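Engineer: Data: data.txt, compact mmCIF, C-alpha atoms.
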# COMPACT_ATOMS: atom_id res chain seq x y z
CA MET A 1 43.07 -59.68 -2.53
CA LYS A 2 45.42 -60.50 -5.40
CA ASN A 3 44.82 -61.56 -8.98
CA PHE A 4 46.47 -64.92 -9.69
CA LEU A 5 47.33 -66.16 -13.15
CA PHE A 6 48.39 -69.75 -13.79
CA VAL A 7 50.32 -70.14 -17.03
CA MET A 8 50.06 -73.77 -18.11
CA ARG A 9 52.82 -74.66 -20.58
CA ARG A 10 53.45 -78.36 -19.97
CA PRO A 11 51.65 -81.30 -21.58
CA PRO A 12 49.07 -82.99 -19.34
CA HIS A 13 50.80 -86.31 -18.65
CA GLU A 14 54.41 -85.28 -18.16
CA GLY A 15 54.68 -86.53 -14.60
CA THR A 16 52.41 -84.92 -12.04
CA ALA A 17 53.27 -81.28 -12.83
CA VAL A 18 49.88 -80.32 -14.27
CA ARG A 19 47.91 -82.00 -11.49
CA GLU A 20 50.09 -80.36 -8.85
CA SER A 21 49.56 -76.98 -10.52
CA LEU A 22 45.82 -77.53 -10.44
CA ASP A 23 46.04 -78.36 -6.72
CA MET A 24 47.64 -74.95 -6.20
CA LEU A 25 45.03 -73.30 -8.36
CA MET A 26 42.16 -74.80 -6.38
CA THR A 27 43.76 -73.74 -3.11
CA VAL A 28 44.00 -70.16 -4.37
CA ALA A 29 40.34 -70.30 -5.40
CA ALA A 30 39.43 -71.69 -1.97
CA PHE A 31 41.00 -68.53 -0.50
CA ASP A 32 38.53 -66.52 -2.63
CA GLN A 33 41.25 -64.92 -4.70
CA PRO A 34 40.53 -64.15 -8.38
CA VAL A 35 42.17 -66.82 -10.57
CA ARG A 36 42.70 -67.00 -14.30
CA VAL A 37 44.31 -69.78 -16.32
CA LEU A 38 46.23 -69.37 -19.58
CA PHE A 39 47.19 -72.40 -21.68
CA LEU A 40 50.30 -71.86 -23.78
CA ASP A 41 52.66 -74.00 -25.86
CA ASP A 42 52.30 -77.74 -25.09
CA GLY A 43 50.00 -76.81 -22.22
CA VAL A 44 47.15 -76.60 -24.74
CA PHE A 45 47.17 -80.42 -25.07
CA ALA A 46 45.49 -80.59 -21.67
CA LEU A 47 42.38 -79.16 -23.35
CA LYS A 48 42.13 -81.68 -26.19
CA ALA A 49 38.87 -83.65 -26.10
CA GLY A 50 38.70 -87.42 -26.28
CA GLN A 51 41.86 -88.30 -24.38
CA ARG A 52 42.02 -91.77 -22.81
CA PRO A 53 44.96 -91.61 -20.39
CA ASP A 54 43.31 -94.37 -18.35
CA VAL A 55 44.45 -96.82 -21.06
CA LEU A 56 47.99 -96.15 -19.85
CA GLY A 57 46.99 -96.19 -16.21
CA LEU A 58 47.21 -92.39 -16.01
CA LYS A 59 44.73 -90.16 -14.26
CA PRO A 60 42.75 -87.89 -16.59
CA VAL A 61 43.19 -84.14 -16.21
CA GLU A 62 39.95 -83.18 -17.92
CA PRO A 63 37.63 -83.71 -14.88
CA LEU A 64 39.91 -81.45 -12.84
CA LEU A 65 39.73 -78.75 -15.50
CA ALA A 66 35.97 -79.17 -15.75
CA ALA A 67 35.71 -78.63 -11.98
CA LEU A 68 37.48 -75.26 -12.10
CA ASP A 69 34.26 -73.47 -12.89
CA PHE A 70 32.77 -74.89 -9.68
CA TYR A 71 35.75 -73.50 -7.76
CA GLY A 72 34.96 -70.01 -9.00
CA VAL A 73 37.87 -69.71 -11.42
CA GLU A 74 37.31 -66.60 -13.54
CA GLY A 75 38.03 -68.24 -16.83
CA LEU A 76 40.28 -70.28 -19.07
CA TRP A 77 42.23 -68.66 -21.89
CA VAL A 78 44.17 -70.35 -24.65
CA GLU A 79 46.76 -68.84 -26.95
CA GLU A 80 45.43 -69.25 -30.49
CA GLU A 81 48.83 -69.63 -32.13
CA SER A 82 49.72 -72.52 -29.79
CA LEU A 83 46.57 -74.34 -30.91
CA VAL A 84 47.24 -73.78 -34.61
CA GLN A 85 50.87 -74.86 -34.35
CA ARG A 86 49.75 -78.18 -32.83
CA GLY A 87 46.95 -78.84 -35.28
CA LEU A 88 44.23 -78.27 -32.68
CA ARG A 89 40.98 -76.43 -33.30
CA PRO A 90 38.77 -74.66 -30.77
CA GLU A 91 35.92 -77.07 -31.59
CA GLY A 92 38.18 -80.01 -30.70
CA LEU A 93 38.63 -78.85 -27.12
CA ALA A 94 36.95 -80.46 -24.13
CA LEU A 95 36.03 -77.22 -22.40
CA PRO A 96 34.86 -73.72 -23.28
CA VAL A 97 37.92 -71.47 -23.41
CA ARG A 98 38.57 -67.94 -24.60
CA GLY A 99 41.12 -67.36 -27.31
CA ILE A 100 43.92 -64.85 -26.95
CA ARG A 101 46.44 -63.77 -29.59
CA ARG A 102 50.16 -64.15 -28.92
CA ALA A 103 50.59 -60.39 -29.21
CA GLU A 104 48.12 -59.95 -26.32
CA VAL A 105 49.78 -62.42 -23.94
CA ALA A 106 52.34 -60.04 -22.45
CA GLY A 107 49.64 -57.53 -21.50
CA PHE A 108 47.45 -60.29 -20.13
CA VAL A 109 50.26 -61.57 -17.89
CA ALA A 110 51.20 -58.06 -16.79
CA GLY A 111 47.66 -57.60 -15.48
CA ALA A 112 48.14 -60.29 -12.82
CA ASP A 113 49.55 -59.70 -9.33
CA VAL A 114 50.89 -63.25 -8.96
CA VAL A 115 51.96 -65.33 -11.95
CA VAL A 116 52.44 -69.05 -11.35
CA ASN A 117 54.23 -71.44 -13.71
CA GLY A 118 51.74 -74.22 -14.16
CA MET B 119 60.52 -55.74 0.14
CA LYS B 120 58.84 -58.99 1.18
CA PHE B 121 59.40 -62.05 -0.98
CA ALA B 122 57.53 -65.35 -1.14
CA ILE B 123 59.68 -68.06 -2.71
CA GLN B 124 58.72 -71.35 -4.31
CA ILE B 125 61.11 -74.10 -5.42
CA ASN B 126 59.86 -76.78 -7.82
CA SER B 127 62.98 -78.64 -8.94
CA ALA B 128 64.86 -81.41 -7.14
CA PRO B 129 68.19 -80.48 -5.55
CA TRP B 130 70.06 -82.64 -8.05
CA GLY B 131 67.71 -82.00 -10.98
CA GLY B 132 68.39 -78.43 -11.99
CA GLU B 133 69.67 -75.13 -10.73
CA GLY B 134 66.34 -73.91 -9.29
CA GLY B 135 67.14 -74.57 -5.64
CA ASP B 136 70.66 -73.23 -5.97
CA THR B 137 69.52 -70.02 -7.67
CA ALA B 138 66.80 -69.54 -5.08
CA TYR B 139 69.30 -70.01 -2.26
CA GLN B 140 71.69 -67.43 -3.76
CA PHE B 141 68.80 -65.02 -4.33
CA ILE B 142 67.58 -65.36 -0.74
CA ARG B 143 71.06 -64.80 0.68
CA ALA B 144 71.49 -61.67 -1.42
CA ALA B 145 68.00 -60.41 -0.53
CA LEU B 146 68.55 -60.89 3.21
CA LYS B 147 71.91 -59.17 2.99
CA ARG B 148 70.18 -56.12 1.52
CA GLY B 149 67.60 -56.06 4.27
CA HIS B 150 64.69 -57.64 2.42
CA GLU B 151 62.32 -60.07 4.11
CA ILE B 152 61.64 -63.67 3.07
CA VAL B 153 58.07 -64.43 4.09
CA ARG B 154 58.42 -68.14 3.40
CA VAL B 155 60.17 -70.68 1.19
CA PHE B 156 57.72 -73.24 -0.14
CA PHE B 157 59.13 -76.47 -1.55
CA TYR B 158 56.74 -77.97 -4.10
CA CYS B 159 56.77 -80.78 -6.69
CA GLU B 160 60.30 -82.25 -6.91
CA GLY B 161 61.43 -79.40 -4.66
CA ALA B 162 60.09 -81.48 -1.76
CA TYR B 163 63.34 -83.47 -1.85
CA HIS B 164 65.29 -80.45 -0.60
CA GLY B 165 64.11 -81.26 2.92
CA LEU B 166 65.59 -84.78 3.05
CA ARG B 167 68.04 -84.97 5.90
CA GLY B 168 69.63 -88.20 4.70
CA MET B 169 71.28 -86.69 1.63
CA THR B 170 75.04 -87.00 1.81
CA PRO B 171 76.62 -85.51 -1.31
CA PRO B 172 80.37 -85.94 -1.89
CA GLY B 173 82.44 -83.62 0.29
CA ASP B 174 83.50 -81.41 -2.61
CA GLU B 175 79.88 -80.63 -3.57
CA ALA B 176 77.51 -78.16 -1.91
CA ALA B 177 75.75 -79.52 1.20
CA VAL B 178 72.36 -78.61 -0.25
CA THR B 179 70.14 -79.51 2.68
CA GLY B 180 72.58 -78.33 5.34
CA ARG B 181 72.85 -74.84 3.95
CA TRP B 182 69.06 -74.48 3.93
CA SER B 183 68.99 -75.58 7.58
CA ALA B 184 71.66 -72.99 8.32
CA LEU B 185 69.57 -70.32 6.62
CA ALA B 186 66.63 -71.22 8.86
CA ALA B 187 68.80 -71.21 11.99
CA ASP B 188 70.65 -67.98 11.21
CA HIS B 189 67.83 -65.89 9.72
CA GLY B 190 64.62 -67.58 10.90
CA VAL B 191 63.56 -68.32 7.33
CA ASP B 192 60.41 -70.46 7.32
CA LEU B 193 61.11 -73.57 5.21
CA VAL B 194 57.87 -75.38 4.37
CA VAL B 195 57.75 -78.59 2.35
CA CYS B 196 54.31 -79.08 0.82
CA ILE B 197 52.67 -81.97 2.63
CA SER B 198 50.88 -83.38 -0.41
CA ALA B 199 54.01 -83.15 -2.59
CA ALA B 200 55.98 -84.80 0.23
CA GLN B 201 53.52 -87.65 0.76
CA ARG B 202 53.44 -88.37 -2.96
CA ARG B 203 57.23 -88.71 -2.87
CA GLY B 204 57.62 -90.61 0.39
CA VAL B 205 59.03 -87.70 2.35
CA SER B 206 57.66 -87.84 5.90
CA ASP B 207 57.99 -85.75 9.03
CA GLY B 208 57.25 -88.83 11.15
CA ALA B 209 53.93 -87.49 12.41
CA GLU B 210 51.79 -89.50 10.01
CA ASP B 211 53.51 -92.85 10.43
CA SER B 212 55.73 -94.68 12.86
CA ARG B 213 58.99 -93.94 11.05
CA ASP B 214 61.52 -91.37 12.12
CA GLY B 215 60.93 -88.22 10.09
CA ASP B 216 62.90 -87.56 6.92
CA LEU B 217 63.11 -83.81 7.31
CA ALA B 218 66.30 -81.95 8.07
CA GLU B 219 66.58 -79.30 10.78
CA GLY B 220 64.60 -76.15 10.04
CA PHE B 221 62.13 -77.76 7.61
CA ARG B 222 58.48 -78.47 8.34
CA LEU B 223 55.58 -79.91 6.40
CA GLY B 224 52.62 -77.67 5.61
CA GLY B 225 49.66 -77.35 3.28
CA LEU B 226 49.21 -75.30 0.14
CA GLY B 227 47.31 -72.76 2.23
CA LEU B 228 50.67 -71.64 3.64
CA TRP B 229 51.85 -70.98 0.09
CA VAL B 230 48.78 -68.86 -0.71
CA GLU B 231 49.17 -67.01 2.58
CA ALA B 232 52.82 -66.25 1.77
CA CYS B 233 51.85 -64.92 -1.68
CA LEU B 234 49.24 -62.66 -0.12
CA LYS B 235 51.63 -61.30 2.50
CA ALA B 236 54.54 -60.77 0.13
CA ASP B 237 55.18 -57.91 -2.29
CA ARG B 238 56.60 -60.35 -4.83
CA PHE B 239 56.22 -64.07 -5.49
CA LEU B 240 59.17 -65.78 -7.16
CA SER B 241 59.13 -69.34 -8.46
CA PHE B 242 62.36 -71.25 -9.19
CA GLY B 243 62.95 -74.47 -11.09
CA GLY B 244 60.06 -74.60 -13.54
What would the structure in this file look like if it were written as structure tokens?
Structural biologist:
Amino acid sequence: MKNFLFVMRRPPHEGTAVRESLDMLMTVAAFDQPVRVLFLDDGVFALKAGQRPDVLGLKPVEPLLAALDFYGVEGLWVEEESLVQRGLRPEGLALPVRGIRRAEVAGFVAGADVVVNG
Amino acid sequence: MKFAIQINSAPWGGEGGDTAYQFIRAALKRGHEIVRVFFYCEGAYHGLRGMTPPGDEAAVTGRWSALAADHGVDLVVCISAAQRRGVSDGAEDSRDGDLAEGFRLGGLGLWVEACLKADRFLSFGG
């Protein structure tokens, strides 16, 4: 048993990177390993509510994120400073997430056995 | 120590694969074990056998094949990443496979398994 942490730092529609990270995440969860997700930097844009990527023929990420709870993912965290710097507010997010201060991130990451760049 | 390695960048699109290769060589030389190398995202292109770089550049794919032949390193290209990018092992369609010697296609479960077996997981190329 290992604790996995996915650190999501890329915006949601920059190629397939985010979707491919979520595929990994769901595989880890399917192996019954504890998984946490931390959204940092431009990664926080994946959480913004009201996105219509289908207008551009892109696949939405939000349903995948919403399904993580079903997969037994322990929780979603978001760095508060990353939200503020991008003009996003917790109430404007599509999913319930827990806030974490930048000063706490290093300790949070250190607590994981396997850290994956999402 | 046992290492699980992941490579996410294309062979021509960054230094991830090159750095990983140098790391693995150094680790093996010091007696460490490489549980598996998992090629994901654009890293899937590392397995293409048809790549023929100019003679004065590193033979990217060939040196991975040599690593597999000489040290038994398990080189797995993620099957879903490969299918998305048109990289085939020939099993799923009627074409000849695209993979170079020493590479095989495998699912993400092999990546998780490698992480669980290894002491350290290292990801290269984003």
Engineer: Any idea which chain A residues end up within 8 Å of chain B if we count all atoms listed in the file, as a PDB file with C-alpha atoms, keeping the file's coordinate frame please?
Structural biologist:
ATOM      1  CA  MET A   1      43.070 -59.680  -2.530  1.00  0.00           C
ATOM      2  CA  LYS A   2      45.420 -60.500  -5.400  1.00  0.00           C
ATOM      3  CA  ALA A  17      53.270 -81.280 -12.830  1.00  0.00           C
ATOM      4  CA  GLU A  20      50.090 -80.360  -8.850  1.00  0.00           C
ATOM      5  CA  MET A  24      47.640 -74.950  -6.200  1.00  0.00           C
ATOM      6  CA  THR A  27      43.760 -73.740  -3.110  1.00  0.00           C
ATOM      7  CA  VAL A  28      44.000 -70.160  -4.370  1.00  0.00           C
ATOM      8  CA  PHE A  31      41.000 -68.530  -0.500  1.00  0.00           C
ATOM      9  CA  VAL A 114      50.890 -63.250  -8.960  1.00  0.00           C
ATOM     10  CA  VAL A 115      51.960 -65.330 -11.950  1.00  0.00           C
ATOM     11  CA  VAL A 116      52.440 -69.050 -11.350  1.00  0.00           C
ATOM     12  CA  ASN A 117      54.230 -71.440 -13.710  1.00  0.00           C
TER      13      ASN A 117
END
Engineer: Give the answer as one residue: which of A:Gly43, A:Pro63, A:Pro11, A:Gly75 has the shortest atom-to-atom distance to Arg98 in chain A, using all atoms listed in the file?
Structural biologist: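 Under the stated criterion, the closest residue is A:Gly75.
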Engineer: Do a neighbour search on Arg203 in chain B at 12 Å with only C-alpha atoms, toss out local chain neighbours closer than 6 positions, and write the hits as a list in words.
Structural biologist: Thr16 of chain A; Ala128, Tyr158, Cys159, Glu160, Gly161, Ala162, Tyr163, His164, Gly165, Leu166, Val195, Cys196, Ile197 and Asp216 of chain B
Engineer: I want to know what sits within 9 Å of Ser82 in chain A, based on all atoms listed in the file, with residues of the same chain fewer than 5 positions away left out; could you give that as a PyMOL selection string?
Structural biologist: chain A and resi 39-44+87-88+102
Engineer: Residues at most 7 Å from Val97 in chain A, counting all atoms listed in the file, excluding those fewer than 5 positions away in the same chain, as an NGL selection string?
Structural biologist: :A and (76-78)
Engineer: Here's a test: counting only C-alpha atoms, identify every protein, DNA and RNA residue with an atom at most 7 Å from (44.6, -64.8, -27.9) in the file's coordinate frame, and state them as an mmCIF file with C-alpha atoms, keeping the file's coordinate frame.
Structural biologist:
data_model
loop_
_atom_site.group_PDB
_atom_site.id
_atom_site.type_symbol
_atom_site.label_atom_id
_atom_site.label_comp_id
_atom_site.auth_asym_id
_atom_site.auth_seq_id
_atom_site.Cartn_x
_atom_site.Cartn_y
_atom_site.Cartn_z
ATOM 1 C CA VAL A 78 44.170 -70.350 -24.650
ATOM 2 C CA GLU A 79 46.760 -68.840 -26.950
ATOM 3 C CA GLU A 80 45.430 -69.250 -30.490
ATOM 4 C CA GLY A 99 41.120 -67.360 -27.310
ATOM 5 C CA ILE A 100 43.920 -64.850 -26.950
ATOM 6 C CA ARG A 101 46.440 -63.770 -29.590
ATOM 7 C CA ARG A 102 50.160 -64.150 -28.920
ATOM 8 C CA GLU A 104 48.120 -59.950 -26.320
ATOM 9 C CA VAL A 105 49.780 -62.420 -23.940
#
Engineer: So the first atom is CA of Leu95 in chain A and the second is CA of Ala112 in chain A; what is the distance between them in Å, to one decimal place?
Structural biologist: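 Value for the CA of Leu95 in chain A-CA of Ala112 in chain A distance: 22.9 Å.
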Engineer: Would you list the contacts of range 172-188 of chain B as number ranges by chain, taking every protein, DNA or RNA residue within 8 Å and counting all atoms listed in the file, but skipping same-chain residues closer than 5 positions in sequence?
Structural biologist: B: 129, 139, 164-167, 193, 218-221
Engineer: Mind checking which residues fall within 7 Å of Val35 in chain A, counting only C-alpha atoms, ignoring those fewer than 5 positions away in the same chain, and posting them as a PyMOL selection string?
Structural biologist: chain A and resi 3-5+29+73-74
Engineer: Kindly provide, as AutoDock Vina command-line options, the centre and edge lengths (Å, one decimal) of an axis-aligned box around all atoms of range 223-240 of chain B given in the file, with 6 Å on each side.
Structural biologist:
--center_x 53.2 --center_y -68.9 --center_z -0.4 --size_x 23.9 --size_y 34.0 --size_z 25.6
Engineer: What does the distance from CA of Gly132 in chain B to CA of Gly118 in chain A come to in Å, to one decimal?
Structural biologist: 17.3 Å
Engineer: Taking all atoms listed in the file into account, which of A:Ala49, A:Val55, A:Leu64, A:Leu38 comes nearest Leu22 in chain A?
Structural biologist: A:Leu64
Engineer: Restricting the calculation to only C-alpha atoms: of A:Gly72, A:Arg86, A:His13, A:Arg19, which residue gets closest to Asp54 in chain A?
Structural biologist: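 Under the stated criterion, the closest residue is A:His13.
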Engineer: Could I get range 105-118 of chain A rebuilt with N, CA and C atoms, written as a tab-separated table (two decimals), in the frame of the given file?
Structural biologist:
chain	number	residue	atom	x	y	z
A	105	VAL	N	49.42	-61.63	-25.13
A	105	VAL	CA	49.78	-62.42	-23.94
A	105	VAL	C	50.55	-61.59	-22.91
A	106	ALA	N	51.51	-60.80	-23.39
A	106	ALA	CA	52.34	-60.04	-22.45
A	106	ALA	C	51.48	-59.10	-21.60
A	107	GLY	N	50.53	-58.43	-22.23
A	107	GLY	CA	49.64	-57.53	-21.50
A	107	GLY	C	48.75	-58.27	-20.53
A	108	PHE	N	48.31	-59.45	-20.96
A	108	PHE	CA	47.45	-60.29	-20.13
A	108	PHE	C	48.20	-60.71	-18.86
A	109	VAL	N	49.44	-61.13	-19.04
A	109	VAL	CA	50.26	-61.57	-17.89
A	109	VAL	C	50.57	-60.38	-16.99
A	110	ALA	N	50.85	-59.25	-17.58
A	110	ALA	CA	51.20	-58.06	-16.79
A	110	ALA	C	50.04	-57.61	-15.90
A	111	GLY	N	48.82	-58.00	-16.26
A	111	GLY	CA	47.66	-57.60	-15.48
A	111	GLY	C	47.47	-58.40	-14.20
A	112	ALA	N	48.28	-59.45	-14.01
A	112	ALA	CA	48.14	-60.29	-12.82
A	112	ALA	C	49.10	-59.84	-11.72
A	113	ASP	N	48.67	-60.01	-10.46
A	113	ASP	CA	49.55	-59.70	-9.33
A	113	ASP	C	50.54	-60.84	-9.07
A	114	VAL	N	50.05	-62.07	-9.21
A	114	VAL	CA	50.89	-63.25	-8.96
A	114	VAL	C	50.79	-64.17	-10.17
A	115	VAL	N	51.93	-64.44	-10.80
A	115	VAL	CA	51.96	-65.33	-11.95
A	115	VAL	C	52.62	-66.64	-11.53
A	116	VAL	N	51.93	-67.75	-11.78
A	116	VAL	CA	52.44	-69.05	-11.35
A	116	VAL	C	52.72	-69.90	-12.58
A	117	ASN	N	53.91	-70.50	-12.63
A	117	ASN	CA	54.23	-71.44	-13.71
A	117	ASN	C	53.46	-72.72	-13.48
A	118	GLY	N	52.52	-73.00	-14.35
A	118	GLY	CA	51.74	-74.22	-14.16
A	118	GLY	C	52.33	-75.37	-14.94
